[in-house]
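Engineer: Right, I'll just put the structure down here and ask away after.
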Amino acid sequence: MTDEPPQRRRAAESRTGSPPHHPPPALPEPPGAGAEPSAGGPVPLTAPREGTPRPVATPAEFDEVVARFAAGTGPVALDAERASGYRYSQRAYLVQLRRAGAGTALIDPLPLPDLTALDEVIGEAEWVLHAASQDLPCLAELGLRPRRLFDTELAARLAGFERVGLAALTEQLLGFGLEKHHSAADWSSRPLPESWLTYAALDVELLVDLRDALDEELIRQGKSEWAAEEFAALVRTGARPPRVRAEPWRRTSGIHRVRGARAQARVRSLWYARDQIAARRDAAPGRVLPDSAIVAAAELDPKDEKSLLTLPGFGGRSVRRLARTWLAALDDARQLPDDALPVAPTVEGPPPPHRWAERDPVAAARLARCREVVVRIAGEHTLPPENLIAPDSIRRLAWVPPEEITEQTVAETLRGFNAREWQIRLLLPALALIHISEPTRLALNSYAV
């Protein structure tokens, strides 16, 4: 979760004269609040109201949690902790829930990988998550799929908040300070330290209160229907696993320095050798062999172990033990016939925008006009442009527009790109007025995509 999205709220305040939120609502003082804050500062929140719960790890304990949450009322706050940067998979290693009348529960999904019984009792309730798209896939792996949800991060973006991280919003809207120093911890380790469990429980402690404050702000701004459409789209698609890229090795950091098809074949061969080891170990690929080491070996093509181990990134003990594996991967690339070397990938959709002026000046001018429309309307409604419409949708519309530009054809095209109805309503009149051959003097970089 990040506290540093595009900064737009301050500009909006200068236009409207009022910030896009109300003062923090009055909340009951949590018994776990820490020392008194400095004048005007947030109250440090250091422990949950009912104390830090012990992780649920047995079927009997899980059954008790299911019964508690079935008897609870109102929305259910949920969060999940993964081990990104440590593990190959993106599975959840801890699930946190809180509901009125049920309190907070921490569930260890290692001994309890099937949580469908819990899903059955909370499935019809509204689920409240922060940055839901990050957690929905790993929750779905456990059998948890929302029917309705409220995403506090997305709500804050729609409401025009400058900082949309959980800690920043909790401080600004509720007056409590959350520490986020365990967010990048290795949650696959066991046992989990008490301080980590407290951190995890606090992530859902005030989530429903935050939801209520943001909902009030969305109502005040007339954006509740927009949020409802966004949340419904998340319910439909958020649990899908990430799309598997056709050639994932091309995303190796620093690959732009690798020149020539043969050297790129070395990157590819090393990447897949590393990926197999990482998957077998369930370790993050970068912990098996850093990208920088792959690039260095691809550039210099060492032929023996001594030469290999002098390269940056190959000095660690675990990397050295796999020296024969890395040399074999390099040798495989060396033996490839020319017709098996990597070729430039076929690009789906429009080319990079910086090449439009050369390849199709008319389309480049059209893109500039579309971007100007998006930026202007986003500013009028205190929205990040990327939340008003996906940048890729605008690129595709500008590159291959309908043969006849009308409100109906533009709307149908945007729906084909999964644009929501509220987005289409805001953009349609202006986009439909853009004539394909109309000249423009707008800069191509007026809207960063």
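Identifiers in the structure tokens: chain A, B, ... in order shown; residue index from 1 per chain; ligand index from 1 in order shown.
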Quick one: everything within 12 Å of stretch 49-56 of chain A, counting only C-alpha atoms, minus sequence neighbours fewer than 2 positions away in the same chain. Send it as an MDAnalysis selection string.

Structural biologist: chainID A and resid 28:34 45:47 58:66 93:98 101:113 115 190:206

Engineer: So which residues touch A:Ala363 within 8 Å, counting only C-alpha atoms, skipping near sequence neighbours fewer than 4 positions away, as a PyMOL selection string?

Structural biologist: chain A and resi 356-357+367+398-399+436

Engineer: Can those selected residues be exported to a file as a compact mmCIF listing (two decimals), in the first residue's frame so that it contains N, CA, C and O atoms?

Structural biologist:
```txt
# COMPACT_ATOMS: atom_id res chain seq x y z
N TRP A 356 4.06 7.69 -32.19
CA TRP A 356 2.87 7.97 -32.98
C TRP A 356 3.11 9.08 -34.01
O TRP A 356 2.64 8.98 -35.14
N ALA A 357 3.79 10.14 -33.62
CA ALA A 357 3.97 11.26 -34.53
C ALA A 357 4.67 10.83 -35.82
O ALA A 357 4.38 11.34 -36.91
N LEU A 367 -4.78 11.63 -30.37
CA LEU A 367 -4.44 11.22 -29.00
C LEU A 367 -4.24 12.44 -28.12
O LEU A 367 -4.70 12.47 -26.96
N ALA A 398 -7.94 6.34 -29.67
CA ALA A 398 -7.30 7.30 -30.56
C ALA A 398 -6.59 6.62 -31.73
O ALA A 398 -6.53 7.17 -32.82
N TRP A 399 -6.04 5.44 -31.51
CA TRP A 399 -5.29 4.76 -32.57
C TRP A 399 -6.23 4.19 -33.65
O TRP A 399 -5.97 4.32 -34.85
N ILE A 436 -11.58 13.41 -36.49
CA ILE A 436 -10.38 12.65 -36.79
C ILE A 436 -9.32 13.50 -37.48
O ILE A 436 -8.13 13.41 -37.20
```

Engineer: Within 12 Å of A:Ala430, counting only C-alpha atoms, which residues qualify if same-chain residues fewer than 5 places away don't, as a ChimeraX atom specification?

Structural biologist: /A:369-377,405-407,410-411,424-425,435

Engineer: What gap, in Å, lies between atom CA of A:Val295 and atom CA of A:Arg274?

Structural biologist: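 Going from atom CA of A:Val295 over to atom CA of A:Arg274, I get 12.9 Å.
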
Engineer: Which residues are close to A:His130, i.e. within 7 Å by only C-alpha atoms, leaving aside same-chain residues fewer than 4 positions away? Reply as a PDB file with N, CA and C atoms, in the first residue's frame.

Structural biologist:
```pdb
ATOM      1  N   ASP A 151     -13.934  -0.571  -1.302  1.00  0.00           N
ATOM      2  CA  ASP A 151     -12.484  -0.444  -1.312  1.00  0.00           C
ATOM      3  C   ASP A 151     -12.128   0.960  -0.830  1.00  0.00           C
ATOM      4  N   THR A 152     -11.520   1.053   0.354  1.00  0.00           N
ATOM      5  CA  THR A 152     -11.240   2.365   0.928  1.00  0.00           C
ATOM      6  C   THR A 152     -10.172   3.123   0.147  1.00  0.00           C
ATOM      7  N   GLU A 153      -9.213   2.435  -0.445  1.00  0.00           N
ATOM      8  CA  GLU A 153      -8.213   3.144  -1.247  1.00  0.00           C
ATOM      9  C   GLU A 153      -8.852   3.724  -2.502  1.00  0.00           C
ATOM     10  N   LEU A 166      -3.397   3.474   3.722  1.00  0.00           N
ATOM     11  CA  LEU A 166      -4.256   3.226   4.885  1.00  0.00           C
ATOM     12  C   LEU A 166      -3.858   4.092   6.073  1.00  0.00           C
TER      13      LEU A 166
END
```

Engineer: I'd like the neighbourhood of stretch 322-330 of chain A as number ranges by chain, where a residue qualifies if any of its atoms comes within 9 Å (using only C-alpha atoms), though same-chain residues fewer than 3 positions away should be ignored.

Structural biologist: A: 265-274, 297-298, 301-305, 308-309, 314, 317-319, 333-335

Engineer: Given only C-alpha atoms as the basis, pick out the residue of A:Val128, A:Ala227, A:Ala70, A:Ala246 nearest to A:Pro345.

Structural biologist: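 Result for the nearest residue to A:Pro345: A:Ala246.
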
Engineer: Any chance you could list, as a VMD selection string, the residues in stretch 8-191 of chain A that come up strand (DSSP E or B) when DSSP is run on the backbone?

Structural biologist: chain A and resid 33 43 to 45 56 73 to 81 94 to 100 103 to 107 126 to 129 148 to 151 176 to 177

Engineer: Could you please write out, as a PyMOL selection string, every residue of stretch 200-433 of chain A that DSSP assigns to alpha helix (DSSP H)?

Structural biologist: chain A and resi 200-205+207-221+224-237+261-281+285-288+291-300+305-309+317-321+323-335+356-359+361-380+385-388+391-399+407-416+421-432
